[in-house]
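Printed here is model-v7.cif (mmCIF, C-alpha atoms):
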data_my_file
loop_
_atom_site.label_atom_id
_atom_site.label_comp_id
_atom_site.auth_asym_id
_atom_site.auth_seq_id
_atom_site.Cartn_x
_atom_site.Cartn_y
_atom_site.Cartn_z
CA MET A 1 203.52 173.86 283.33
CA VAL A 2 206.51 176.17 283.83
CA SER A 3 205.50 179.78 284.39
CA PRO A 4 206.97 182.21 281.84
CA ARG A 5 209.15 184.97 283.27
CA ILE A 6 208.86 188.53 282.04
CA ASP A 7 210.84 191.65 282.87
CA CYS A 8 208.73 194.83 282.87
CA VAL A 9 210.08 198.36 282.48
CA GLY A 10 208.17 201.60 282.97
CA PRO A 11 206.70 204.07 285.46
CA LEU A 12 204.92 203.25 288.72
CA ASN A 13 202.48 205.54 290.51
CA MET A 14 199.37 205.54 292.65
CA ASP A 15 195.91 206.01 291.12
CA LEU A 16 193.13 207.66 293.10
CA LEU A 17 189.79 206.69 291.54
CA ILE A 18 186.70 208.62 292.66
CA ARG A 19 183.48 207.11 291.33
CA GLY A 20 180.05 208.63 291.77
CA SER A 21 177.70 211.21 290.33
CA ALA A 22 178.10 214.96 290.60
CA PRO A 23 176.15 217.79 288.93
CA LEU A 24 177.38 219.01 285.56
CA ASP A 25 176.19 222.56 286.10
CA PRO A 26 179.21 224.62 287.27
CA ASP A 27 177.20 226.67 289.76
CA GLU A 28 175.68 223.55 291.32
CA LEU A 29 179.06 221.79 291.34
CA ARG A 30 180.70 224.62 293.30
CA GLU A 31 178.23 224.01 296.13
CA TRP A 32 177.94 220.22 295.78
CA VAL A 33 178.74 217.82 298.62
CA GLY A 34 178.07 214.12 298.16
CA PRO A 35 179.35 210.57 298.67
CA SER A 36 181.62 208.69 296.27
CA GLN A 37 183.41 205.36 296.04
CA VAL A 38 187.12 206.04 296.54
CA ASP A 39 189.93 203.59 295.72
CA LEU A 40 193.68 204.11 296.01
CA LEU A 41 195.47 201.66 293.70
CA VAL A 42 199.02 200.73 292.79
CA ALA A 43 199.16 201.76 289.17
CA GLY A 44 201.22 203.29 286.38
CA SER A 45 201.94 202.30 282.80
CA ILE A 46 203.86 199.30 284.11
CA GLY A 47 202.11 199.00 287.51
CA TYR A 48 198.84 197.71 286.10
CA PRO A 49 200.38 195.25 283.59
CA VAL A 50 202.73 193.67 286.14
CA GLN A 51 199.86 192.93 288.49
CA ALA A 52 197.75 191.43 285.71
CA LEU A 53 200.70 189.38 284.44
CA ALA A 54 201.35 188.04 287.94
CA ARG A 55 197.68 187.14 288.44
CA LEU A 56 197.72 185.32 285.10
CA GLY A 57 200.60 183.15 286.30
CA CYS A 58 203.75 184.86 284.99
CA GLY A 59 206.87 185.40 287.01
CA VAL A 60 207.37 189.17 286.96
CA ARG A 61 210.37 191.39 287.68
CA VAL A 62 209.94 195.18 287.61
CA PHE A 63 212.49 197.81 286.57
CA SER A 64 211.22 201.18 287.75
CA ALA A 65 211.60 203.81 290.47
CA VAL A 66 209.48 205.34 293.22
CA GLY A 67 209.93 208.27 295.55
CA GLU A 68 211.20 208.04 299.08
CA ASP A 69 207.72 208.56 300.53
CA ALA A 70 204.67 206.68 301.80
CA PHE A 71 203.31 206.07 298.30
CA GLY A 72 206.63 204.60 297.18
CA ALA A 73 206.70 202.28 300.18
CA GLN A 74 203.10 201.22 299.54
CA ILE A 75 203.83 200.40 295.90
CA ARG A 76 206.82 198.22 296.74
CA ALA A 77 204.98 196.50 299.58
CA GLU A 78 201.83 195.74 297.59
CA LEU A 79 203.69 194.47 294.54
CA GLY A 80 206.00 192.37 296.69
CA ALA A 81 203.02 190.86 298.50
CA GLN A 82 201.75 189.65 295.10
CA GLY A 83 204.97 187.75 294.47
CA ILE A 84 206.33 190.37 292.05
CA ASP A 85 210.11 190.89 292.17
CA VAL A 86 210.70 194.55 293.14
CA SER A 87 214.44 194.21 293.73
CA GLN A 88 215.03 196.44 290.67
CA VAL A 89 212.58 199.16 291.78
CA ALA A 90 214.80 202.00 292.95
CA VAL A 91 213.81 204.24 295.87
CA LEU A 92 214.97 207.76 295.06
CA PRO A 93 214.77 211.08 296.91
CA GLY A 94 211.59 212.80 295.81
CA LEU A 95 207.87 212.23 295.51
CA THR A 96 206.04 209.32 293.89
CA SER A 97 203.67 210.26 291.07
CA ILE A 98 199.90 210.09 291.56
CA ALA A 99 197.03 210.21 289.04
CA ILE A 100 193.54 211.27 290.12
CA TYR A 101 190.42 210.19 288.23
CA PRO A 102 187.28 212.10 289.35
CA LEU A 103 184.83 209.82 287.54
CA LEU A 104 181.81 211.84 288.66
CA PHE A 105 180.51 213.16 285.35
CA GLY A 106 179.65 210.07 283.28
CA GLY A 107 183.14 209.22 282.02
CA THR A 108 184.77 205.82 282.57
CA LYS A 109 188.40 206.98 282.17
CA ARG A 110 188.42 210.77 282.04
CA PRO A 111 188.84 213.40 283.38
CA MET A 112 192.26 212.72 284.87
CA THR A 113 194.75 214.99 286.59
CA TYR A 114 198.14 214.13 288.02
CA ARG A 115 201.22 215.09 290.00
CA LEU A 116 204.39 213.97 288.26
CA SER A 117 207.53 213.08 290.15
CA ASP A 118 210.85 214.57 289.09
CA ILE A 119 212.75 211.30 289.65
CA GLN A 120 213.99 209.23 286.71
CA PRO A 121 211.07 206.82 286.23
CA TRP A 122 213.07 203.75 285.12
CA PRO A 123 216.70 202.89 284.30
CA SER A 124 218.01 204.06 280.93
CA ALA A 125 219.16 200.51 280.17
CA LEU A 126 218.87 197.17 281.91
CA PRO A 127 221.81 196.13 284.12
CA ALA A 128 224.13 193.44 282.86
CA GLY A 129 224.51 190.04 284.45
CA LEU A 130 220.87 189.31 285.26
CA ASP A 131 219.23 186.00 284.43
CA ARG A 132 217.49 185.96 281.03
CA PRO A 133 213.67 186.23 281.09
CA ASP A 134 211.28 184.86 278.49
CA GLY A 135 209.76 188.28 277.78
CA LEU A 136 210.57 191.97 278.10
CA LEU A 137 207.89 194.69 278.19
CA LEU A 138 208.43 198.46 278.11
CA ALA A 139 205.27 200.49 278.78
CA GLY A 140 204.76 204.25 278.96
CA LEU A 141 207.86 205.28 276.98
CA LEU A 142 206.10 208.31 275.49
CA HIS A 143 205.05 209.63 278.91
CA PHE A 144 208.48 211.09 279.73
CA ARG A 145 210.37 213.17 277.19
CA ARG A 146 213.64 212.75 279.10
CA MET A 147 213.45 208.98 278.49
CA TYR A 148 213.28 209.27 274.70
CA ARG A 149 216.33 207.63 273.05
CA SER A 150 217.84 207.16 276.50
CA GLY A 151 219.41 203.73 275.90
CA MET A 152 216.62 201.15 276.25
CA ALA A 153 216.95 200.29 272.54
CA SER A 154 220.28 198.58 273.27
CA SER A 155 218.63 196.45 275.98
CA PHE A 156 215.84 195.51 273.56
CA ALA A 157 218.34 194.62 270.84
CA ALA A 158 220.36 192.43 273.22
CA ALA A 159 217.24 190.72 274.58
CA ARG A 160 215.84 190.04 271.12
CA ALA A 161 219.17 188.61 269.99
CA GLU A 162 218.97 186.13 272.88
CA GLY A 163 215.47 184.99 271.89
CA VAL A 164 213.56 187.07 274.46
CA LEU A 165 210.10 188.19 273.30
CA THR A 166 210.22 192.00 273.32
CA ALA A 167 207.06 194.13 273.62
CA LEU A 168 206.34 197.85 273.58
CA ASP A 169 203.22 199.79 274.58
CA PRO A 170 204.42 203.41 274.31
CA GLN A 171 201.13 205.07 275.37
CA PHE A 172 201.13 208.91 275.05
CA PRO A 173 203.10 212.02 276.09
CA LEU A 174 202.12 213.74 279.33
CA GLU A 175 203.15 217.13 277.98
CA PRO A 176 202.26 218.77 274.67
CA THR A 177 204.15 216.94 271.92
CA PRO A 178 203.45 217.50 268.24
CA ALA A 179 202.67 214.45 266.11
CA PRO A 180 204.01 212.30 264.65
CA TRP A 181 205.46 210.64 267.74
CA LEU A 182 207.26 207.91 265.80
CA PRO A 183 210.74 209.53 266.03
CA HIS A 184 210.55 209.32 269.83
CA ILE A 185 210.09 205.54 269.87
CA ALA A 186 211.72 204.46 266.60
CA ASP A 187 214.96 203.28 268.25
CA VAL A 188 213.09 200.82 270.50
CA LEU A 189 210.44 199.96 267.90
CA GLY A 190 213.11 198.56 265.59
CA HIS A 191 213.89 195.86 268.17
CA THR A 192 210.28 195.12 269.18
CA ASP A 193 208.49 191.84 268.53
CA VAL A 194 205.05 192.87 269.80
CA PHE A 195 203.77 196.43 269.44
CA LEU A 196 200.60 197.49 271.27
CA CYS A 197 198.78 200.83 271.26
CA ASP A 198 195.28 202.27 271.12
CA GLU A 199 193.58 203.88 268.13
CA GLN A 200 194.32 207.50 269.03
CA GLU A 201 197.95 206.71 269.85
CA ALA A 202 198.33 204.84 266.55
CA GLU A 203 197.31 207.92 264.57
CA SER A 204 199.61 210.21 266.53
CA ILE A 205 202.54 207.81 266.18
CA PHE A 206 202.23 206.84 262.51
CA GLY A 207 200.17 209.73 261.12
CA PRO A 208 196.56 210.04 259.92
CA GLY A 209 195.01 206.88 258.57
CA SER A 210 193.16 203.76 259.57
CA PRO A 211 194.11 201.38 262.39
CA THR A 212 194.90 198.89 259.64
CA ALA A 213 197.46 201.27 258.15
CA ALA A 214 199.01 201.85 261.58
CA ALA A 215 199.31 198.13 262.30
CA ARG A 216 200.96 197.51 258.96
CA ALA A 217 203.30 200.47 259.54
CA ALA A 218 204.44 198.87 262.80
CA LEU A 219 205.20 195.63 260.95
CA ALA A 220 207.12 197.60 258.34
CA HIS A 221 209.31 199.00 261.13
CA GLY A 222 210.36 195.48 262.15
CA CYS A 223 207.68 194.33 264.59
CA ARG A 224 206.45 190.76 264.25
CA VAL A 225 202.99 191.41 265.71
CA ALA A 226 201.09 194.71 265.91
CA VAL A 227 197.94 195.30 267.94
CA VAL A 228 195.72 198.37 267.81
CA LYS A 229 193.26 198.42 270.71
CA LEU A 230 189.86 199.88 269.78
CA GLY A 231 188.12 200.08 273.16
CA GLU A 232 184.61 198.67 273.17
CA ARG A 233 185.05 197.80 269.46
CA GLY A 234 187.77 195.30 270.30
CA SER A 235 191.15 195.18 268.60
CA LEU A 236 192.95 194.81 265.30
CA ILE A 237 195.83 192.32 265.16
CA ALA A 238 198.38 192.06 262.35
CA TRP A 239 201.27 189.62 261.84
CA ASP A 240 203.03 188.20 258.78
CA SER A 241 200.44 188.67 256.02
CA ARG A 242 197.51 188.21 258.40
CA LEU A 243 195.11 190.85 259.68
CA ILE A 244 192.17 190.06 261.95
CA SER A 245 189.51 192.00 263.79
CA GLN A 246 188.76 190.78 267.32
CA PRO A 247 185.49 192.20 268.73
CA ALA A 248 185.29 192.87 272.46
CA VAL A 249 183.10 190.99 274.92
CA ALA A 250 179.80 192.85 275.29
CA LEU A 251 179.45 193.83 278.96
CA GLY A 252 176.93 196.68 278.75
CA ALA A 253 176.06 198.54 281.92
CA ALA A 254 178.28 196.33 284.08
CA VAL A 255 181.28 198.63 283.46
CA ASP A 256 181.90 201.44 285.97
CA ASP A 257 185.34 202.45 284.75
CA THR A 258 187.79 201.35 282.05
CA VAL A 259 191.05 202.30 283.80
CA GLY A 260 193.54 199.47 283.28
CA ALA A 261 191.56 197.58 280.62
CA GLY A 262 194.20 198.15 277.95
CA ASP A 263 196.92 197.08 280.38
CA SER A 264 194.99 193.89 281.10
CA PHE A 265 194.72 193.26 277.36
CA ASP A 266 198.51 193.64 277.07
CA ALA A 267 199.06 191.23 279.95
CA GLY A 268 196.69 188.66 278.51
CA PHE A 269 198.19 188.92 275.03
CA LEU A 270 201.77 188.51 276.24
CA THR A 271 200.87 185.71 278.66
CA ALA A 272 199.27 183.73 275.85
CA LEU A 273 202.22 184.30 273.49
CA LEU A 274 204.69 183.24 276.17
CA HIS A 275 202.70 180.03 276.61
CA GLY A 276 203.04 179.29 272.90
CA ALA A 277 199.79 180.70 271.48
CA ASP A 278 199.72 182.29 268.05
CA ALA A 279 198.62 185.92 267.62
CA ALA A 280 194.98 185.00 266.93
CA GLU A 281 194.74 182.81 270.05
CA ALA A 282 196.51 185.50 272.06
CA GLY A 283 193.94 188.03 270.87
CA ARG A 284 191.09 185.91 272.20
CA TYR A 285 192.76 185.42 275.57
CA ALA A 286 193.66 189.12 275.82
CA THR A 287 190.06 190.08 275.07
CA ALA A 288 188.83 187.86 277.90
CA ALA A 289 191.46 189.31 280.26
CA ALA A 290 190.38 192.86 279.42
CA ALA A 291 186.75 191.92 280.04
CA SER A 292 187.67 190.43 283.42
CA SER A 293 189.38 193.67 284.45
CA LEU A 294 186.27 195.66 283.52
CA LEU A 295 184.14 193.54 285.84
CA GLN A 296 186.36 194.07 288.90
CA THR A 297 187.04 196.93 291.28
CA GLY A 298 190.73 197.58 290.83
CA GLY A 299 190.89 196.87 287.11
CA ALA A 300 194.07 195.15 285.97
CA ALA A 301 195.15 194.59 289.57
CA ALA A 302 192.09 192.39 290.09
CA VAL A 303 192.08 190.29 286.89
CA ASP A 304 190.69 186.88 287.83
CA PRO A 305 192.29 183.95 285.94
CA ALA A 306 189.28 181.69 286.54
CA GLN A 307 186.97 184.39 285.26
CA VAL A 308 189.17 184.87 282.20
CA GLN A 309 188.68 181.19 281.38
CA SER A 310 184.93 181.46 281.93
CA LEU A 311 184.78 184.49 279.61
CA LEU A 312 186.62 182.81 276.73
CA PRO A 313 183.46 181.15 275.32
CA HIS A 314 181.87 184.62 275.22
CA VAL A 315 184.68 186.19 273.17
CA PRO A 316 183.15 186.95 269.76
CA GLN A 317 184.42 185.25 266.63
CA GLN A 318 187.30 186.95 264.85
CA ARG A 319 186.98 188.37 261.34
CA ASP A 320 189.75 187.77 258.83
CA LEU A 321 190.65 191.04 257.08
CA SER A 322 193.85 189.79 255.46
CA ALA A 323 192.64 190.46 251.91
CA ARG A 324 192.05 194.17 252.62
#
Written as structure tokens, that's how I'd like the structure from this file.
Amino acid sequence: MVSPRIDCVGPLNMDLLIRGSAPLDPDELREWVGPSQVDLLVAGSIGYPVQALARLGCGVRVFSAVGEDAFGAQIRAELGAQGIDVSQVAVLPGLTSIAIYPLLFGGTKRPMTYRLSDIQPWPSALPAGLDRPDGLLLAGLLHFRRMYRSGMASSFAAARAEGVLTALDPQFPLEPTPAPWLPHIADVLGHTDVFLCDEQEAESIFGPGSPTAAARAALAHGCRVAVVKLGERGSLIAWDSRLISQPAVALGAAVDDTVGAGDSFDAGFLTALLHGADAAEAGRYATAAAASSLLQTGGAAAVDPAQVQSLLPHVPQQRDLSAR
């Protein structure tokens, strides 16, 4: 079987995950000293998906940028060692971004703090003359205000016209940005085949309402498939006149953190589509991929293809909501 090739655009950074248990009382916390599990991971809105896509068998090329520092060198080296093409990852003067997750207080994804780089996180448009991929993913568009309406819509339009599957997971702004966020992504959304977001993002993008309304709004803006990720409740998937609910795999207490689970879902969904699956089949595979990431240290970077296959029989049956 020929491996599908996908170009991935978005920010790269390092994630520092600190897992353990610390006192909630502020006075106790100020005096607390204790052990934790500490992991430093190659990450970012595109960093997690590209690693999951590569582990699931896709050929991956990244369009991004890192700082001219040790973190930037580590990111390029680790991605390259996984067989990911980093020839389009620019090294620019400045610092690489880092996100820090002190998961010491019962949360699996928050709190989070970060240091943002001042470099341009990805090219405004894709360079001409490159070989055509099978898919094109842009992730994290909403993170950086300076990248709104910066030119990527033209790359999406050109790719879609050539039969490339285009996908967008815009995520959320990293600085205060009033809702609705739709105007900031509308230029790219109009050339997007597959739209992916979580429940909170859906409401901030399309306005108050149900995940169903958000998914249908994405279709109305020209997307062919819309997915709203609902965390431990699974996902909602809409295409054509179809709407299905895909429950998540029940993992219970086995989950230490959920960082990268949504990225793994994206990678699984796109991998399945690029192999010819329909949206319902892709939803099942994506659900198994997300579950695999939740069972590993390293999240999306440690998705196990064999484990994904073993989890597929445990993916709950979908519910058809098309009549609603």
**Fill in**
Using all atoms listed in the file, the shortest atom-to-atom distance to Val60 of chain A among A:Ala306, A:Val9, A:Ile100, A:Ala220 belongs to A:Val9
**Residue members of the PyMOL selection byres ((chain A and resi 314-320) around 12) in the file shown, as a count of residues only** = 42
**Prompt:** Which of these, A:Gly276, A:Pro11, A:Pro102, A:Pro211, has the shortest distance to Asp134 of chain A once you count all atoms listed in the file?
**Reply:**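 Using all atoms listed in the file, Asp134 of chain A sits closest to A:Gly276.
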Put the listed atoms of segment 91-108 of chain A in a box along x, y and z with 5 Å added on every side and give me the centre and edge lengths in Å to one decimal, as AutoDock Vina command-line options.
--center_x 197.3 --center_y 208.7 --center_z 289.5 --size_x 45.3 --size_y 18.9 --size_z 24.9
**Asked** In Å, with one decimal, what is the gap from atom CA of Cys197 of chain A to atom CA of Gly140 of chain A?
**Response** 10.3 Å
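With atom CA of Leu274 of chain A on one side and atom CA of Cys223 of chain A on the other, the separation reads 16.3 Å.
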